[in-house]
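Peer 1: The structure under discussion is supplied below as structure tokens; questions concerning it will follow.
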Amino acid sequence: MDRPIEVPAPRESKGAYKSGHLMCRATPWGIMGFLACAYFAWISFSHVLRIEYDWPHDRWTAATYLVWIVVLVGLMLDTHCMRERLFFGVLVVNFVIGFVLTLWLTVPLSQVRNARVGTGTLWAGAALLSLMTIGRSNTVGRDKA
């Protein structure tokens with residue numbers, strides 16, 4: 001008689017995503033998020049200081065905004081950490097504003113100036129929210145905020 005074949009049970013990976021945290025589990029992501037958002041805040045405010053109120057209105061820019069919106073909404077819905085959801089949520093709002101301005105071909109310069117100030121503020125807020133994700137998460141479930 002043939003013996004039944006034993007199939008070993010799958011092992012859990014140590015780095016598996018199962019806690020509901022994406023950025024809180026890796027401090028470098030919080031630091032990189034801060035640096036990137038601080039850079040984009042500086043870019044937004046420097047446009048205002050130099051009185052540069054132009055905005056791109058091409059299809060590639062609109063498509064890029066749309067891809068980022070989909071990716072960020074996916075990240076926001078995938079995580080269970082409130083700090084990370086706030087971070088990704090602010091980025092979604094920022095990219096939606098950019099997408100709308102890209103589609104709005106006759107946007108007045110005063111609205112572009114307001115958008116530059118608003119998106120700069122959102123970038124700065126996202127930078128601060130990114131800093132809040134630095135450090136280890138409590139995987140027991142207590143750290144939901």
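Please note that chains go A, B, ... in the order of the structure tokens, that every chain numbers its residues from 1, and that ligands are numbered from 1 in the order shown.
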Which residues come within 9 Å of Trp68 in chain A, counting only C-alpha atoms, excluding same-chain residues fewer than 5 positions away, as a list in words?
Peer 2: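 Skipping anything fewer than 5 positions along the chain leaves Ala63, Val73, Val92 and Phe95 of chain A.
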Peer 1: Mind writing the picked residues with all heavy atoms as a JSON list (two decimals), in the first residue's frame?
Peer 2:
[["chain", "number", "residue", "atom", "x", "y", "z"],
["A", 63, "ALA", "N", -3.70, 61.86, -15.71],
["A", 63, "ALA", "CA", -3.59, 60.42, -15.51],
["A", 63, "ALA", "C", -2.71, 60.09, -14.31],
["A", 63, "ALA", "O", -3.01, 59.18, -13.53],
["A", 63, "ALA", "CB", -3.04, 59.75, -16.77],
["A", 73, "VAL", "N", -5.87, 55.82, -2.01],
["A", 73, "VAL", "CA", -7.13, 55.34, -1.44],
["A", 73, "VAL", "C", -6.99, 53.88, -1.04],
["A", 73, "VAL", "O", -7.45, 53.46, 0.03],
["A", 73, "VAL", "CB", -8.31, 55.56, -2.41],
["A", 73, "VAL", "CG1", -9.54, 54.78, -1.99],
["A", 73, "VAL", "CG2", -8.65, 57.04, -2.53],
["A", 92, "VAL", "N", -4.67, 62.03, -0.23],
["A", 92, "VAL", "CA", -5.76, 61.86, -1.21],
["A", 92, "VAL", "C", -6.41, 63.20, -1.51],
["A", 92, "VAL", "O", -6.63, 63.56, -2.67],
["A", 92, "VAL", "CB", -6.80, 60.83, -0.71],
["A", 92, "VAL", "CG1", -8.06, 60.87, -1.57],
["A", 92, "VAL", "CG2", -6.22, 59.43, -0.70],
["A", 95, "PHE", "N", -4.15, 65.28, -3.73],
["A", 95, "PHE", "CA", -4.11, 64.84, -5.12],
["A", 95, "PHE", "C", -5.44, 65.07, -5.83],
["A", 95, "PHE", "O", -5.45, 65.30, -7.04],
["A", 95, "PHE", "CB", -3.68, 63.37, -5.20],
["A", 95, "PHE", "CG", -2.19, 63.21, -5.11],
["A", 95, "PHE", "CD1", -1.57, 63.03, -3.88],
["A", 95, "PHE", "CD2", -1.39, 63.26, -6.23],
["A", 95, "PHE", "CE1", -0.20, 62.90, -3.78],
["A", 95, "PHE", "CE2", -0.02, 63.13, -6.15],
["A", 95, "PHE", "CZ", 0.58, 62.95, -4.92]]
Peer 1: Find the residues around Tyr65 in chain A up to 12 Å (only C-alpha atoms counted), leave out those fewer than 2 positions away in its own chain, and share them as a PyMOL selection string.
Peer 2: chain A and resi 56-63+67-72+91-103
Peer 1: Within 9 Å of Phe45 in chain A, counting only C-alpha atoms, which residues qualify if same-chain residues fewer than 2 places away don't, as a compact mmCIF listing (two decimals) with N, CA and C atoms, in the first residue's frame?
Peer 2:
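Just written: out07.txt:
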# COMPACT_ATOMS: atom_id res chain seq x y z
N PHE A 40 7.52 68.88 -0.94
CA PHE A 40 6.40 69.35 -1.75
C PHE A 40 5.73 70.57 -1.14
N ALA A 41 5.74 70.69 0.18
CA ALA A 41 5.23 71.90 0.81
C ALA A 41 6.11 73.09 0.43
N TRP A 42 7.40 72.89 0.47
CA TRP A 42 8.34 73.95 0.10
C TRP A 42 8.13 74.34 -1.37
N ILE A 43 7.94 73.37 -2.26
CA ILE A 43 7.69 73.66 -3.68
C ILE A 43 6.41 74.48 -3.84
N HIS A 47 6.27 78.49 -5.16
CA HIS A 47 5.50 78.98 -6.31
C HIS A 47 4.74 80.25 -5.94
N VAL A 48 4.18 80.27 -4.75
CA VAL A 48 3.43 81.45 -4.31
C VAL A 48 4.37 82.63 -4.12
N LEU A 49 5.52 82.40 -3.49
CA LEU A 49 6.48 83.49 -3.25
C LEU A 49 7.02 84.09 -4.55
N ARG A 50 7.16 83.26 -5.59
CA ARG A 50 7.67 83.75 -6.87
C ARG A 50 6.55 84.18 -7.81
N ARG A 116 -2.46 76.67 -4.43
CA ARG A 116 -1.04 76.48 -4.08
C ARG A 116 -0.83 76.64 -2.57
N VAL A 117 -1.47 77.65 -1.99
CA VAL A 117 -1.37 77.84 -0.54
C VAL A 117 -2.03 76.67 0.19
N THR A 119 -2.66 73.55 -0.92
CA THR A 119 -1.94 72.28 -1.06
C THR A 119 -0.61 72.32 -0.31
N GLY A 120 0.01 73.49 -0.24
CA GLY A 120 1.23 73.60 0.57
C GLY A 120 0.94 73.32 2.04
N THR A 121 -0.19 73.84 2.50
CA THR A 121 -0.60 73.59 3.88
C THR A 121 -0.91 72.11 4.09
Peer 1: From the options A:Phe87, A:Tyr53, A:Leu66, A:Ile134, which residue's atoms come nearest to Gln111 in chain A, counting only C-alpha atoms?
Peer 2: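 Residue with the minimum atom-to-atom distance to Gln111 in chain A: A:Tyr53.
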Peer 1: Could you list, as a list in words, every residue within 9 Å of Ile31 in chain A, counting only C-alpha atoms and ignoring same-chain residues fewer than 2 positions away?
Peer 2: Thr27, Pro28, Trp29, Gly33, Phe34, Leu35, Ala36, Ala127, Ser130, Leu131, Thr133 and Ile134 of chain A
Peer 1: Here is a test: counting only C-alpha atoms, which residue of A:Ala126, A:Arg113, A:Gly30, A:Gly74 is nearest to Glu52 in chain A?
Peer 2: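 Ranked by minimum distance to Glu52 in chain A, first place goes to A:Arg113.
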